[in-house]
$ cat start_24.pdb   # PDB, C-alpha atoms
ATOM      1  CA  MET A  20     146.488 116.786 150.740
ATOM      2  CA  GLN A  21     143.382 115.467 149.046
ATOM      3  CA  ASP A  22     142.471 111.830 149.506
ATOM      4  CA  TYR A  23     141.336 109.896 146.455
ATOM      5  CA  PRO A  24     139.197 106.788 146.575
ATOM      6  CA  PRO A  25     140.565 103.359 145.698
ATOM      7  CA  GLY A  26     140.799 103.058 141.961
ATOM      8  CA  GLY A  27     142.540 106.367 141.467
ATOM      9  CA  ARG A  28     141.692 109.917 140.715
ATOM     10  CA  SER A  29     139.833 109.063 137.499
ATOM     11  CA  ALA A  30     137.153 107.003 139.208
ATOM     12  CA  ASP A  31     133.703 108.386 138.329
ATOM     13  CA  HIS A  32     131.369 108.221 141.314
ATOM     14  CA  THR A  33     128.546 109.903 139.437
ATOM     15  CA  LYS A  34     127.718 106.684 137.585
ATOM     16  CA  PRO A  35     125.834 104.004 139.526
ATOM     17  CA  HIS A  36     127.597 100.636 139.690
ATOM     18  CA  ARG A  37     125.619  97.660 138.429
ATOM     19  CA  SER A  38     125.075  94.888 140.908
ATOM     20  CA  LEU A  39     126.407  91.393 140.281
ATOM     21  CA  PHE A  40     122.844  90.237 139.635
ATOM     22  CA  GLU A  41     122.330  92.919 136.958
ATOM     23  CA  ARG A  42     125.562  91.992 135.223
ATOM     24  CA  LEU A  43     124.684  88.287 135.227
ATOM     25  CA  THR A  44     121.212  89.087 133.869
ATOM     26  CA  ALA A  45     122.757  91.099 131.030
ATOM     27  CA  LEU A  46     124.943  88.115 130.113
ATOM     28  CA  ILE A  47     122.084  85.612 130.234
ATOM     29  CA  SER A  48     119.492  87.861 128.531
ATOM     30  CA  PRO A  49     121.319  90.103 126.049
ATOM     31  CA  GLU A  50     119.629  93.140 124.572
ATOM     32  CA  PRO A  51     117.610  92.561 121.360
ATOM     33  CA  GLU A  52     119.716  93.102 118.270
ATOM     34  CA  ASN A  53     116.946  93.575 115.692
ATOM     35  CA  ARG A  54     113.284  94.454 115.390
ATOM     36  CA  SER A  55     112.060  90.862 115.491
ATOM     37  CA  GLU A  56     113.854  90.199 118.758
ATOM     38  CA  LEU A  57     112.548  93.454 120.211
ATOM     39  CA  LEU A  58     108.975  92.506 119.298
ATOM     40  CA  GLU A  59     109.457  89.104 120.883
ATOM     41  CA  VAL A  60     110.548  90.835 124.092
ATOM     42  CA  LEU A  61     107.485  93.099 123.981
ATOM     43  CA  HIS A  62     105.115  90.176 123.373
ATOM     44  CA  ASP A  63     106.726  88.322 126.248
ATOM     45  CA  ALA A  64     106.187  91.393 128.434
ATOM     46  CA  HIS A  65     102.524  91.428 127.394
ATOM     47  CA  GLU A  66     102.101  87.746 128.245
ATOM     48  CA  ARG A  67     103.561  88.438 131.695
ATOM     49  CA  ASN A  68     101.134  91.356 132.166
ATOM     50  CA  LEU A  69     103.939  93.930 132.166
ATOM     51  CA  LEU A  70     102.507  95.626 129.069
ATOM     52  CA  ASP A  71      98.802  95.966 128.323
ATOM     53  CA  ALA A  72      97.263  95.066 124.972
ATOM     54  CA  ASP A  73      96.633  98.651 123.894
ATOM     55  CA  ALA A  74     100.230  99.717 124.539
ATOM     56  CA  LEU A  75     101.566  96.677 122.676
ATOM     57  CA  SER A  76      99.254  97.381 119.760
ATOM     58  CA  MET A  77     100.423 100.994 119.477
ATOM     59  CA  ILE A  78     104.089 100.008 119.604
ATOM     60  CA  GLU A  79     103.479  97.491 116.826
ATOM     61  CA  GLY A  80     101.643 100.207 114.927
ATOM     62  CA  VAL A  81     104.674 102.493 115.100
ATOM     63  CA  PHE A  82     106.814  99.753 113.565
ATOM     64  CA  GLN A  83     104.154  99.136 110.922
ATOM     65  CA  VAL A  84     104.026 102.803 109.912
ATOM     66  CA  SER A  85     107.750 102.765 109.149
ATOM     67  CA  ASP A  86     107.280  99.736 106.868
ATOM     68  CA  LEU A  87     104.208 100.829 104.895
ATOM     69  CA  CYS A  88     103.957 103.372 102.112
ATOM     70  CA  VAL A  89     101.070 105.539 100.968
ATOM     71  CA  ARG A  90      99.776 103.136  98.306
ATOM     72  CA  ASP A  91      99.176 100.485 100.988
ATOM     73  CA  ILE A  92      96.472 102.410 102.862
ATOM     74  CA  MET A  93      95.304 105.234 100.580
ATOM     75  CA  ILE A  94      91.677 105.647  99.573
ATOM     76  CA  PRO A  95      91.592 104.633  95.891
ATOM     77  CA  ARG A  96      90.610 107.151  93.234
ATOM     78  CA  SER A  97      87.309 105.358  92.589
ATOM     79  CA  GLN A  98      86.355 105.619  96.278
ATOM     80  CA  MET A  99      87.173 109.317  96.684
ATOM     81  CA  ASP A 100      84.352 111.696  97.613
ATOM     82  CA  VAL A 101      85.046 114.858  95.605
ATOM     83  CA  VAL A 102      83.241 118.081  94.789
ATOM     84  CA  ASP A 103      83.248 119.280  91.177
ATOM     85  CA  ILE A 104      83.538 123.054  91.165
ATOM     86  CA  ALA A 105      82.629 123.072  87.472
ATOM     87  CA  ARG A 106      79.084 122.099  88.491
ATOM     88  CA  PRO A 107      76.534 124.098  90.501
ATOM     89  CA  ILE A 108      76.880 123.756  94.259
ATOM     90  CA  GLU A 109      73.315 122.497  94.502
ATOM     91  CA  GLU A 110      74.251 119.354  92.538
ATOM     92  CA  TRP A 111      76.880 118.067  94.978
ATOM     93  CA  MET A 112      75.737 119.644  98.246
ATOM     94  CA  PRO A 113      73.598 116.556  99.160
ATOM     95  CA  MET A 114      76.726 114.401  98.871
ATOM     96  CA  VAL A 115      78.600 116.745 101.216
ATOM     97  CA  LEU A 116      75.790 116.504 103.767
ATOM     98  CA  THR A 117      75.522 112.713 103.439
ATOM     99  CA  THR A 118      79.224 111.872 103.743
ATOM    100  CA  ALA A 119      79.841 114.557 106.392
ATOM    101  CA  HIS A 120      83.583 114.758 105.753
ATOM    102  CA  SER A 121      85.389 117.837 107.013
ATOM    103  CA  ARG A 122      87.487 118.167 103.822
ATOM    104  CA  PHE A 123      86.877 117.377 100.171
ATOM    105  CA  PRO A 124      89.189 117.373  97.149
ATOM    106  CA  ALA A 125      87.790 119.958  94.723
ATOM    107  CA  VAL A 126      88.147 118.955  91.074
ATOM    108  CA  ASP A 127      87.525 121.050  87.999
ATOM    109  CA  GLY A 128      85.508 118.791  85.724
ATOM    110  CA  ASP A 129      87.940 115.842  85.968
ATOM    111  CA  ARG A 130      89.383 113.854  88.883
ATOM    112  CA  ASP A 131      92.889 114.448  87.555
ATOM    113  CA  LYS A 132      92.344 118.210  87.770
ATOM    114  CA  VAL A 133      92.433 118.846  91.502
ATOM    115  CA  ALA A 134      91.978 122.583  92.053
ATOM    116  CA  GLY A 135      92.362 122.502  95.825
ATOM    117  CA  ILE A 136      90.813 121.325  99.071
ATOM    118  CA  LEU A 137      87.393 122.514 100.211
ATOM    119  CA  LEU A 138      86.693 122.682 103.941
ATOM    120  CA  ALA A 139      83.077 121.840 104.675
ATOM    121  CA  LYS A 140      82.844 124.655 107.223
ATOM    122  CA  ASP A 141      83.627 127.193 104.475
ATOM    123  CA  LEU A 142      80.354 126.263 102.794
ATOM    124  CA  LEU A 143      78.504 128.006 105.632
ATOM    125  CA  ARG A 144      79.360 131.258 103.900
ATOM    126  CA  TYR A 145      77.369 130.079 100.889
ATOM    127  CA  TYR A 146      74.208 130.464 102.956
ATOM    128  CA  ALA A 147      75.303 133.550 104.869
ATOM    129  CA  GLU A 148      76.835 135.750 102.168
ATOM    130  CA  ASP A 149      75.231 137.295  99.103
ATOM    131  CA  GLU A 150      78.437 137.062  97.074
ATOM    132  CA  PHE A 151      80.146 133.703  97.337
ATOM    133  CA  ASP A 152      83.125 132.672  95.194
ATOM    134  CA  LEU A 153      83.753 128.961  95.647
ATOM    135  CA  ARG A 154      87.194 129.048  94.059
ATOM    136  CA  ASP A 155      88.338 131.671  96.573
ATOM    137  CA  MET A 156      87.369 129.291  99.365
ATOM    138  CA  LEU A 157      89.720 126.501  98.243
ATOM    139  CA  ARG A 158      92.870 125.707 100.197
ATOM    140  CA  PRO A 159      96.020 124.552  98.362
ATOM    141  CA  ALA A 160      96.204 120.811  97.738
ATOM    142  CA  VAL A 161      99.287 118.815  98.706
ATOM    143  CA  PHE A 162     100.393 116.170  96.194
ATOM    144  CA  ILE A 163     102.507 113.184  97.193
ATOM    145  CA  PRO A 164     103.779 110.047  95.401
ATOM    146  CA  GLU A 165     102.379 106.589  96.081
ATOM    147  CA  SER A 166     105.777 105.396  97.283
ATOM    148  CA  LYS A 167     106.083 107.877 100.163
ATOM    149  CA  ARG A 168     106.661 106.189 103.517
ATOM    150  CA  LEU A 169     103.945 106.672 106.120
ATOM    151  CA  ASN A 170     106.346 107.736 108.864
ATOM    152  CA  VAL A 171     107.716 110.482 106.583
ATOM    153  CA  LEU A 172     104.188 111.535 105.622
ATOM    154  CA  LEU A 173     103.105 111.726 109.264
ATOM    155  CA  ARG A 174     106.070 113.960 110.036
ATOM    156  CA  ASP A 175     105.152 116.209 107.104
ATOM    157  CA  PHE A 176     101.499 116.331 108.169
ATOM    158  CA  ARG A 177     102.532 117.494 111.648
ATOM    159  CA  ALA A 178     105.151 119.967 110.462
ATOM    160  CA  ASN A 179     102.861 121.600 107.881
ATOM    161  CA  ARG A 180      99.660 121.263 109.930
ATOM    162  CA  ASN A 181      98.070 119.520 106.987
ATOM    163  CA  HIS A 182      95.358 116.857 107.244
ATOM    164  CA  ILE A 183      94.895 115.525 103.725
ATOM    165  CA  ALA A 184      97.065 114.820 100.691
ATOM    166  CA  ILE A 185      96.324 113.845  97.100
ATOM    167  CA  VAL A 186      98.226 110.758  95.943
ATOM    168  CA  VAL A 187      99.540 110.771  92.363
ATOM    169  CA  ASP A 188     100.956 107.917  90.309
ATOM    170  CA  GLU A 189     104.177 107.920  88.292
ATOM    171  CA  TYR A 190     102.388 109.581  85.343
ATOM    172  CA  GLY A 191     101.005 112.430  87.430
ATOM    173  CA  GLY A 192      97.442 111.141  87.493
ATOM    174  CA  VAL A 193      95.407 111.076  90.692
ATOM    175  CA  ALA A 194      95.639 107.637  92.292
ATOM    176  CA  GLY A 195      93.781 108.369  95.526
ATOM    177  CA  LEU A 196      93.953 110.365  98.722
ATOM    178  CA  ILE A 197      95.175 109.888 102.261
ATOM    179  CA  THR A 198      94.432 111.703 105.508
ATOM    180  CA  ILE A 199      96.305 112.060 108.760
ATOM    181  CA  GLU A 200      93.564 109.976 110.351
ATOM    182  CA  ASP A 201      94.393 107.089 107.999
ATOM    183  CA  VAL A 202      98.013 107.167 109.160
ATOM    184  CA  LEU A 203      97.180 107.480 112.859
ATOM    185  CA  GLU A 204      94.793 104.535 112.608
ATOM    186  CA  GLN A 205      97.791 102.366 111.728
ATOM    187  CA  ILE A 206      99.144 103.161 115.199
ATOM    188  CA  VAL A 207      96.123 103.426 117.481
ATOM    189  CA  GLY A 208      93.573 101.370 115.531
ATOM    190  CA  ASP A 209      90.353 102.501 113.915
ATOM    191  CA  ILE A 210      89.270 106.011 114.891
ATOM    192  CA  GLU A 211      85.508 105.912 114.737
ATOM    193  CA  ASP A 212      83.146 108.820 115.116
ATOM    194  CA  GLU A 213      79.444 109.452 114.721
ATOM    195  CA  TYR A 214      79.817 109.801 110.945
ATOM    196  CA  ASP A 215      81.602 106.477 110.266
ATOM    197  CA  PHE A 216      79.531 103.975 108.319
ATOM    198  CA  ASP A 217      79.722 100.238 108.750
ATOM    199  CA  GLU A 218      78.010  99.116 105.591
ATOM    200  CA  GLU A 219      78.479  95.563 104.382
ATOM    201  CA  GLU A 220      79.468  96.637 100.861
ATOM    202  CA  ASP A 221      82.486  98.479 102.298
ATOM    203  CA  ASN A 222      83.930  95.321 103.864
ATOM    204  CA  ILE A 223      85.943  94.517 100.726
ATOM    205  CA  LEU A 224      87.554  97.374  98.791
ATOM    206  CA  PRO A 225      89.777  96.998  95.715
ATOM    207  CA  VAL A 226      93.193  98.669  95.866
ATOM    208  CA  LYS A 227      95.873  99.155  93.242
ATOM    209  CA  ASP A 228      96.944  95.891  91.585
ATOM    210  CA  GLY A 229     100.132  94.294  92.869
ATOM    211  CA  ASP A 230     102.836  92.475  90.957
ATOM    212  CA  LEU A 231     100.679  89.366  90.752
ATOM    213  CA  GLY A 232      97.326  90.973  89.970
ATOM    214  CA  PRO A 233      94.253  92.335  91.805
ATOM    215  CA  ARG A 234      94.371  93.112  95.522
ATOM    216  CA  TRP A 235      91.691  93.928  98.090
ATOM    217  CA  ARG A 236      91.564  95.482 101.544
ATOM    218  CA  VAL A 237      89.302  93.264 103.641
ATOM    219  CA  ARG A 238      87.847  93.869 107.077
ATOM    220  CA  ALA A 239      88.494  90.946 109.356
ATOM    221  CA  LEU A 240      84.812  90.881 110.352
ATOM    222  CA  THR A 241      83.787  90.172 106.754
ATOM    223  CA  GLU A 242      81.659  87.039 106.504
ATOM    224  CA  ILE A 243      83.426  84.223 104.646
ATOM    225  CA  GLU A 244      80.334  83.802 102.469
ATOM    226  CA  GLN A 245      80.556  87.436 101.329
ATOM    227  CA  PHE A 246      84.310  87.080 100.770
ATOM    228  CA  ASN A 247      83.841  83.994  98.584
ATOM    229  CA  HIS A 248      81.075  85.652  96.595
ATOM    230  CA  THR A 249      83.066  88.836  95.933
ATOM    231  CA  LEU A 250      86.421  87.253  95.130
ATOM    232  CA  GLY A 251      85.124  84.095  93.494
ATOM    233  CA  THR A 252      86.848  81.854  96.021
ATOM    234  CA  ALA A 253      85.763  78.775  97.942
ATOM    235  CA  LEU A 254      87.218  79.172 101.424
ATOM    236  CA  ALA A 255      85.726  76.721 103.904
ATOM    237  CA  ASN A 256      83.625  78.162 106.718
ATOM    238  CA  GLU A 257      82.808  75.104 108.791
ATOM    239  CA  ASP A 258      84.451  76.193 112.047
ATOM    240  CA  VAL A 259      84.422  80.007 111.775
ATOM    241  CA  ASP A 260      82.209  82.688 110.255
ATOM    242  CA  THR A 261      84.587  85.561 109.463
ATOM    243  CA  ILE A 262      87.821  86.062 107.546
ATOM    244  CA  GLY A 263      89.565  87.145 110.740
ATOM    245  CA  GLY A 264      88.487  83.934 112.421
ATOM    246  CA  LEU A 265      89.671  81.894 109.443
ATOM    247  CA  VAL A 266      93.092  83.546 109.558
ATOM    248  CA  ALA A 267      93.491  83.021 113.313
ATOM    249  CA  ASN A 268      92.367  79.407 112.879
ATOM    250  CA  HIS A 269      94.904  78.875 110.103
ATOM    251  CA  LEU A 270      97.817  80.254 112.141
ATOM    252  CA  GLY A 271      96.739  78.733 115.429
ATOM    253  CA  ARG A 272      97.278  82.081 117.165
ATOM    254  CA  MET A 273      96.467  85.766 116.855
ATOM    255  CA  PRO A 274      98.053  87.290 113.706
ATOM    256  CA  ARG A 275     100.512  90.167 114.045
ATOM    257  CA  LYS A 276     100.825  93.315 111.961
ATOM    258  CA  GLY A 277     102.928  92.846 108.859
ATOM    259  CA  GLU A 278     102.643  89.048 108.795
ATOM    260  CA  GLN A 279     102.132  87.387 105.414
ATOM    261  CA  PHE A 280     100.847  83.893 104.716
ATOM    262  CA  VAL A 281      99.062  81.913 102.029
ATOM    263  CA  ILE A 282      95.673  80.183 102.260
ATOM    264  CA  ASP A 283      94.252  78.436  99.180
ATOM    265  CA  ASP A 284      96.155  80.435  96.536
ATOM    266  CA  LEU A 285      95.470  83.691  98.374
ATOM    267  CA  ARG A 286      98.217  85.747  99.951
ATOM    268  CA  PHE A 287      97.132  87.517 103.128
ATOM    269  CA  GLU A 288      98.976  90.404 104.762
ATOM    270  CA  VAL A 289      97.903  91.773 108.127
ATOM    271  CA  LEU A 290      97.545  95.559 107.828
ATOM    272  CA  ARG A 291      95.921  96.261 111.188
ATOM    273  CA  ALA A 292      95.871  94.099 114.275
ATOM    274  CA  ASP A 293      96.362  94.329 117.983
ATOM    275  CA  ALA A 294      97.070  91.812 120.690
ATOM    276  CA  ARG A 295      93.399  90.824 120.810
ATOM    277  CA  GLN A 296      92.236  90.628 117.203
ATOM    278  CA  VAL A 297      93.038  91.302 113.574
ATOM    279  CA  HIS A 298      91.218  94.253 111.980
ATOM    280  CA  VAL A 299      92.218  94.705 108.325
ATOM    281  CA  LEU A 300      93.868  92.400 105.794
ATOM    282  CA  LEU A 301      95.379  92.900 102.351
ATOM    283  CA  VAL A 302      94.437  89.987 100.082
ATOM    284  CA  GLU A 303      96.062  89.122  96.769
ATOM    285  CA  LYS A 304      95.305  86.250  94.422
ATOM    286  CA  LEU A 305      98.297  84.105  93.517
ATOM    287  CA  PRO A 306      98.687  82.440  90.094
ATOM    288  CA  ARG A 307      97.396  78.897  90.222
ATOM    289  CA  ARG A 308     100.150  76.288  90.075
ATOM    290  CA  THR A 309      99.979  73.726  87.321
ATOM    291  CA  PHE A 310     100.287  70.006  87.993
ATOM    292  CA  GLY A 311     103.833  68.988  88.822
ATOM    293  CA  GLU A 312     105.025  72.554  89.434
ATOM    294  CA  THR A 313     107.169  73.014  92.522
ATOM    295  CA  PRO A 314     105.321  75.158  95.096
TER
END
$ encode --input "start_24.pdb" --output "structure tokens"
Amino acid sequence: MQDYPPGGRSADHTKPHRSLFERLTALISPEPENRSELLEVLHDAHERNLLDADALSMIEGVFQVSDLCVRDIMIPRSQMDVVDIARPIEEWMPMVLTTAHSRFPAVDGDRDKVAGILLAKDLLRYYAEDEFDLRDMLRPAVFIPESKRLNVLLRDFRANRNHIAIVVDEYGGVAGLITIEDVLEQIVGDIEDEYDFDEEEDNILPVKDGDLGPRWRVRALTEIEQFNHTLGTALANEDVDTIGGLVANHLGRMPRKGEQFVIDDLRFEVLRADARQVHVLLVEKLPRRTFGETP
């Protein structure tokens, strides 16, 4: 006759029993029920040195990627470096050498006529082969809408082993481009290499207008003086020198990804930040309120 443990034959001894302490802890500190509560738990873990700043930043970046869409981080049409296959190679080859990108959208006389993607390494054949057909060198271009979510795009990039996509607007015109590096930077921060430029004129870049008007992507290290000059604003710079410093001063703490706030009729949204500093902001001018209007 087989002996069964107290509790009957159905007792499952494969599952570990929680101690009284664990059960009391679960009652006192319930599991987070939404993203905000989960982030609070993670920030608390960071403050208690259970999670380092880089790990916290990447986790926040994963959440951010699921919230953003392509139009939020794409390179605008006006900022795209393209090669025009309707022109002689000698005309745009210096640009290829100067920018040193690995891939270029190839257009046929017009930026809305994207014929494909040119890999810079394929141009080596131009110098090595007597017969060189540029159009035969082009790879197919991938077109995506501005509204596509970044997490979906990243999955597509990985599944299709693609590194660049052309962004089109609702009318089918080219609105910009986006690379897998742009998406990954939302998670791990800026990916810099020996070809990245840090020129002052790139600190403030216009992006597609929002519902309220013009918007700009602004590096947090942008000097307040340059910001005021470019946007026609008059932000005070008595205590800090940079926009990132101004934002941190205004909040009284380090900003977090996805946060939005208003400073002097300007709406700021944190696009990139980690536990140590803010990196990139989206800035939008708000309509000025008239006297007596409720804020």
$ residues_around --input "start_24.pdb" --residues "Gln98 in chain A" --least-positions-apart "5" --cutoff "12 Å" --atoms "only C-alpha atoms" --output "list in words"
Met93, Arg130, Val193, Ala194, Gly195, Leu196, Ile197, Asp221, Ile223, Leu224, Pro225, Val226 and Lys227 of chain A
$ resolve_selection --input "start_24.pdb" --expression "the PyMOL selection byres ((chain A and resi 245-254) around 12)" --output "MDAnalysis selection string"
chainID A and resid 219:225 233:244 255:263 265:266 269 282:285 302:305
$ closest_residue --input "start_24.pdb" --among "A:Asp86, A:Asp73, A:Glu165, A:Asp127" --to "Leu153 in chain A" --atoms "all atoms listed in the file"
A:Asp127
$ residues_around --input "start_24.pdb" --residues "range 168-174 of chain A" --least-positions-apart "2" --cutoff "9 Å" --atoms "all atoms listed in the file" --output "list of chain:residue names"
A:Val81, A:Gln83, A:Val84, A:Ser85, A:Asp86, A:Leu87, A:Cys88, A:Val89, A:Ile163, A:Glu165, A:Ser166, A:Phe176, A:Arg177, A:Ala178, A:Asn179, A:Ile199, A:Val202, A:Leu203
$ atom_distance --input "start_24.pdb" --atom1 "CA of Pro274 in chain A" --atom2 "CA of Val289 in chain A"
7.2 Å
$ atom_distance --input "start_24.pdb" --atom1 "CA of Arg90 in chain A" --atom2 "CA of Phe280 in chain A"
20.3 Å
$ residues_around --input "start_24.pdb" --residues "range 53-62 of chain A" --least-positions-apart "3" --cutoff "9 Å" --atoms "all atoms listed in the file" --output "PDB file with C-alpha atoms, in the frame of the given file"
ATOM      1  CA  GLU A  50     119.629  93.140 124.572  1.00  0.00           C
ATOM      2  CA  HIS A  65     102.524  91.428 127.394  1.00  0.00           C
ATOM      3  CA  GLU A  66     102.101  87.746 128.245  1.00  0.00           C
ATOM      4  CA  ARG A  67     103.561  88.438 131.695  1.00  0.00           C
ATOM      5  CA  LEU A  69     103.939  93.930 132.166  1.00  0.00           C
ATOM      6  CA  LEU A  70     102.507  95.626 129.069  1.00  0.00           C
ATOM      7  CA  LEU A  75     101.566  96.677 122.676  1.00  0.00           C
ATOM      8  CA  ILE A  78     104.089 100.008 119.604  1.00  0.00           C
ATOM      9  CA  GLU A  79     103.479  97.491 116.826  1.00  0.00           C
ATOM     10  CA  PHE A  82     106.814  99.753 113.565  1.00  0.00           C
ATOM     11  CA  ALA A 294      97.070  91.812 120.690  1.00  0.00           C
TER      12      ALA A 294
END
$ atom_distance --input "start_24.pdb" --atom1 "CA of Ile206 in chain A" --atom2 "CA of Arg158 in chain A"
27.8 Å
$ closest_residue --input "start_24.pdb" --among "A:Ile183, A:Ile136, A:Met156, A:Leu290" --to "Ile94 in chain A" --atoms "all atoms listed in the file"
A:Ile183
$ closest_residue --input "start_24.pdb" --among "A:Glu52, A:Ser76, A:Ala184, A:Pro164" --to "Phe123 in chain A" --atoms "all atoms listed in the file"
A:Ala184
$ resolve_selection --input "start_24.pdb" --expression "the PyMOL selection byres ((chain A and resi 157) around 9)" --output "PyMOL selection string"
chain A and resi 125+134-138+141+153-156+158-160
$ axis_aligned_box --input "start_24.pdb" --around "range 101-110 of chain A" --padding-each-side "6 Å" --output "AutoDock Vina command-line options"
--center_x 79.2 --center_y 119.5 --center_z 91.5 --size_x 23.7 --size_y 21.2 --size_z 20.1
$ closest_residue --input "start_24.pdb" --among "A:Arg122, A:Lys132, A:Arg286, A:Lys167" --to "Asn181 in chain A" --atoms "all atoms listed in the file"
A:Arg122
$ closest_residue --input "start_24.pdb" --among "A:Val281, A:Met273, A:Pro124, A:Leu231" --to "Val297 in chain A" --atoms "only C-alpha atoms"
A:Met273
